[in-house]
Amino acid sequence: MHTNLLALFAALPFLVPAPRPERPNILWITCEDISLNLGCFGDDYAVTPNLDRLASQGVRYNNAFATIGVCAPARSTIITGMYPPSIGTQHMRCTGKLPKGVKLFPAYLRAAGYYCTNRSKTDYNLRAPAGTWDASSRKAHWRKRKPGQPFFSVVNFTSCHESQIRLPEKRYKRRTKDFTKAELHDPAKAPIPPYHPDTPEVRKDWARYADMITFMDKQVGKLLAELEADGLADDTIVIFYSDHGAGMPRSKRWLYDSSLRVPMIARFPEKYKDLAPGPAGSETDRLVSFVDLAPTVLSLAGVTVPAHMQGKAFLGEQSKEPRKWIYGFRDRMDSRYDMLRCVSDGRYEYIRNYLPHVPWAQYISYMYQMPTMQVWQRLHDEGKLDSVQDRFFHAKPTEELYDTQTDPHEVINLAGDPAHAQRLAAMRKELRAWMERIVDLGFLPEADLRTRFGNEPPFDAVRDGSHAYPLRKLMAAADISCRRDPKQLPELIELLGADDPGIRYWATVGCTALGTKAKPAEDRLLALLEDGSPDVRIGAADALCKLGNVNAALPVLRAALADANEWVRLRAINVIDGLDARARTLRAEIRAAKKDKNHYVVRVATKALQDLDH
């Protein structure tokens, strides 16, 4: 009898579950610059059958968020599992220093036996140490692993990047030559957000954007077919997401939902279905941040999540309780300085602008290559925009609060609404607590950030006590500065004499924001033109220019253009660019700056010369 039972079980293997491989393959399929513009996320304009099919086989994440609406700092978050403002990699295209003992997360997978490939973008705001990837190139592929070796592979598609929206006509037609009529998007039917003017140029850009997403969808389909052909689909967890939101102006580079909220889909084969957050075709509203991606992959692979990671695993045995908040940041964007922080619970979003006097539409040369941005600027210059569309060209409020459920385009600021005062206060408190918790390094000017801590990684320096970083005092100074309240000018004047140069810098920013209302501070600002900190000297010069005392400021700005620190030079040329014709006596120095080693300095110098010539 016993023998017969054994024979029966042997003949009916489906009665006895087969042992599940302990370590799944993991395939990340990433794309660039798209928001929830997929059919499976409810976009009726989208043509994305392959990703829609993937969603029907997997789980859709409705609340997945990047930490910033631009690639390099977002990727810095992903590759470290840490917030860039905590390690000093928050600026767009910089080279930060990894904290001591920290590795980029693929290195932990490799140490556990995974074959790790990246095809092919890095762009981490960090130099990837040797040993991060087994292969990182356009030819990197899971097929080169050892027999039976589990793999973690990233395949990144750039075909829907911002730059692809404005492809020359010949390249666009070549890209879409195999499209059916139904796959080409009609500009007349393109959904236009209320902050954009409804013009042929804008409609064309939004239609092209949708076309590029369709092309990317085809690439995803081919990759998934490749995985299937290799016989690996049943052993591989597939996760798809975009590196941040839409590549269109006012989405990309900012902290709105159109900038941070991204499509994410996770598909689990049958043998790993117990790891899935729901059945095939389902969705989840769990909040997910990019800082959670690294610990989640390690958790799925059975690798211990290092204690330094600031994210929470949301899948696998090391999954943590769902987060209540996601956080975001924006600092220098290409050649222009700004500073914003945000917090969201998935519905309400709070944004704090630390440089509110700086308009949204700072001239970023790359952004202004987009036809939408060009026509938007022209219509502003001609006074032909409505109040919602025109807002982008003016100073920002200190605080923004939006209900993204009732106001998905975030054009109705609730920060001044008494009905939301309690929520505003709670979210303001939560944002501040996060900045203190991660020890936000963004309160230092970039030049100071790169020099204050010597050769020590900033993350370690502000924690081991080896260097001064009075974060709470810096935050308090920044809070006064960004309020633009003339009644607080006496406090700003007092802060102009603070011991820490970072605090003195914020006091100069506050005077700049007040413009002519800072006149009582003029004598103190004149004295700071000889300050030991170049950031303070430039800040004082900027404030004096706003007071009309350009002659006193020009020698400081001229000297700063020759400073050994590239970020001092960039800050100086930004101030000079705002002077227009008043900078004529610096023409020779501006022309010389067009040969600077820092290409961002070159871009602003080019713009400054154009303004002088016109």
# chains A, B, ... in the order shown; residues from 1 in each chain; ligands from 1
>>> closest_atom_pairs(of="stretch 130-163 of chain A", to="stretch 233-257 of chain A", cutoff="9 Å", atoms="only C-alpha atoms", output="CSV")
residue,atom,partner,partner_atom,distance
A:Phe151,CA,A:Thr236,CA,8.8
A:Cys160,CA,A:Gly247,CA,8.2
A:His161,CA,A:Gly247,CA,6.4
A:Glu162,CA,A:Gly247,CA,4.4
A:Ser163,CA,A:Gly247,CA,8.2
>>> write_last_selection(atoms="C-alpha atoms", output="mmCIF file, in the first residue's frame")
data_model
loop_
_atom_site.group_PDB
_atom_site.id
_atom_site.type_symbol
_atom_site.label_atom_id
_atom_site.label_comp_id
_atom_site.auth_asym_id
_atom_site.auth_seq_id
_atom_site.Cartn_x
_atom_site.Cartn_y
_atom_site.Cartn_z
ATOM 1 C CA PHE A 151 20.835 37.435 -12.773
ATOM 2 C CA CYS A 160 10.845 58.475 -24.901
ATOM 3 C CA HIS A 161 13.371 60.885 -23.374
ATOM 4 C CA GLU A 162 12.654 64.618 -23.580
ATOM 5 C CA SER A 163 15.120 64.970 -26.455
#
>>> closest_atom_pairs(of="stretch 307-333 of chain A", to="stretch 350-356 of chain A", cutoff="12 Å", atoms="only C-alpha atoms", output="JSON lines")
{"residue": "A:Trp325", "atom": "CA", "partner": "A:Tyr350", "partner_atom": "CA", "distance": 10.9}
{"residue": "A:Ile326", "atom": "CA", "partner": "A:Tyr350", "partner_atom": "CA", "distance": 10.7}
{"residue": "A:Tyr327", "atom": "CA", "partner": "A:Tyr350", "partner_atom": "CA", "distance": 9.6}
{"residue": "A:Gly328", "atom": "CA", "partner": "A:Ile351", "partner_atom": "CA", "distance": 8.8}
{"residue": "A:Phe329", "atom": "CA", "partner": "A:Ile351", "partner_atom": "CA", "distance": 9.1}
{"residue": "A:Arg330", "atom": "CA", "partner": "A:Asn353", "partner_atom": "CA", "distance": 9.5}
{"residue": "A:Asp331", "atom": "CA", "partner": "A:Tyr354", "partner_atom": "CA", "distance": 9.8}
{"residue": "A:Arg332", "atom": "CA", "partner": "A:Leu355", "partner_atom": "CA", "distance": 11.3}
>>> residues_around(residues="A:Leu54", least_positions_apart="5", cutoff="10 Å", atoms="only C-alpha atoms", output="PDB file with C-alpha atoms, in the first residue's frame")
ATOM      1  CA  CYS A  40      -3.186  50.370 -18.235  1.00  0.00           C
ATOM      2  CA  PRO A  49      -0.393  47.188 -25.776  1.00  0.00           C
ATOM      3  CA  VAL A  59       0.493  44.349 -10.362  1.00  0.00           C
ATOM      4  CA  ARG A  60       0.191  48.068 -11.063  1.00  0.00           C
ATOM      5  CA  VAL A 220       9.499  46.439 -24.213  1.00  0.00           C
ATOM      6  CA  GLY A 221       7.495  43.883 -26.177  1.00  0.00           C
ATOM      7  CA  LEU A 224       9.890  40.386 -23.056  1.00  0.00           C
ATOM      8  CA  VAL A 238       9.990  41.714 -14.091  1.00  0.00           C
ATOM      9  CA  ILE A 239       9.678  45.276 -12.798  1.00  0.00           C
ATOM     10  CA  PHE A 240       8.968  48.192 -15.143  1.00  0.00           C
ATOM     11  CA  ILE A 265       4.427  47.391 -12.900  1.00  0.00           C
ATOM     12  CA  ALA A 266       5.717  44.210 -11.250  1.00  0.00           C
ATOM     13  CA  ARG A 267       5.140  40.750 -12.757  1.00  0.00           C
ATOM     14  CA  ALA A 280      -2.298  39.134 -11.763  1.00  0.00           C
ATOM     15  CA  GLY A 281      -4.135  42.142 -13.132  1.00  0.00           C
TER      16      GLY A 281
END
>>> closest_residue(among="A:Val297, A:Ala588, A:Met373, A:Ala112", to="A:Arg166", atoms="only C-alpha atoms")
A:Met373
>>> atom_distance(atom1="atom CA of A:Arg138", atom2="atom CA of A:Ile29")
14.1 Å
>>> closest_residue(among="A:Ala72, A:Ala541, A:Val305, A:Met339", to="A:Val102", atoms="only C-alpha atoms")
A:Val305
>>> select_by_dssp(residues="stretch 37-208 of chain A", states="strand (DSSP E)", output="compact mmCIF listing (two decimals) with N, CA and C atoms, in the first residue's frame")
# COMPACT_ATOMS: atom_id res chain seq x y z
N VAL A 59 1.14 43.43 -11.30
CA VAL A 59 0.49 44.35 -10.36
C VAL A 59 0.90 45.77 -10.71
N ARG A 60 -0.08 46.66 -10.80
CA ARG A 60 0.19 48.07 -11.06
C ARG A 60 0.34 48.81 -9.74
N TYR A 61 1.38 49.64 -9.66
CA TYR A 61 1.58 50.51 -8.51
C TYR A 61 1.09 51.91 -8.86
N ASN A 62 0.02 52.34 -8.20
CA ASN A 62 -0.57 53.64 -8.50
C ASN A 62 0.14 54.80 -7.82
N ASN A 63 0.93 54.50 -6.81
CA ASN A 63 1.59 55.56 -6.04
C ASN A 63 3.09 55.34 -5.94
N ALA A 64 3.72 55.19 -7.09
CA ALA A 64 5.18 55.08 -7.15
C ALA A 64 5.74 56.45 -7.50
N PHE A 65 6.75 56.89 -6.76
CA PHE A 65 7.26 58.26 -6.90
C PHE A 65 8.79 58.29 -7.03
N TYR A 115 24.60 37.56 -11.25
CA TYR A 115 25.25 38.17 -12.42
C TYR A 115 24.48 39.46 -12.71
N CYS A 116 25.16 40.60 -12.66
CA CYS A 116 24.50 41.90 -12.72
C CYS A 116 24.92 42.67 -13.96
N THR A 117 23.94 43.06 -14.75
CA THR A 117 24.23 43.79 -15.98
C THR A 117 23.40 45.06 -16.05
N ASN A 118 23.93 46.02 -16.77
CA ASN A 118 23.26 47.31 -16.95
C ASN A 118 23.39 47.75 -18.39
N ARG A 119 22.26 47.95 -19.05
CA ARG A 119 22.26 48.39 -20.43
C ARG A 119 21.46 49.69 -20.53
N ALA A 135 28.72 43.68 -16.09
CA ALA A 135 28.82 44.30 -17.41
C ALA A 135 27.89 45.51 -17.43
N SER A 136 28.40 46.62 -17.95
CA SER A 136 27.58 47.83 -18.09
C SER A 136 27.93 48.47 -19.42
N PHE A 151 20.39 36.14 -12.27
CA PHE A 151 20.84 37.44 -12.77
C PHE A 151 19.93 38.55 -12.29
N PHE A 152 20.53 39.73 -12.22
CA PHE A 152 19.80 40.99 -12.08
C PHE A 152 20.23 41.84 -13.26
N SER A 153 19.28 42.19 -14.10
CA SER A 153 19.60 42.95 -15.31
C SER A 153 18.73 44.20 -15.41
N VAL A 154 19.37 45.30 -15.77
CA VAL A 154 18.67 46.55 -16.05
C VAL A 154 18.76 46.80 -17.55
N VAL A 155 17.61 47.02 -18.18
CA VAL A 155 17.57 47.44 -19.58
C VAL A 155 16.82 48.76 -19.62
N ASN A 156 17.53 49.81 -20.02
CA ASN A 156 16.96 51.16 -20.00
C ASN A 156 16.70 51.64 -21.42
N PHE A 157 15.47 52.07 -21.67
CA PHE A 157 15.10 52.59 -22.99
C PHE A 157 15.03 54.12 -22.95
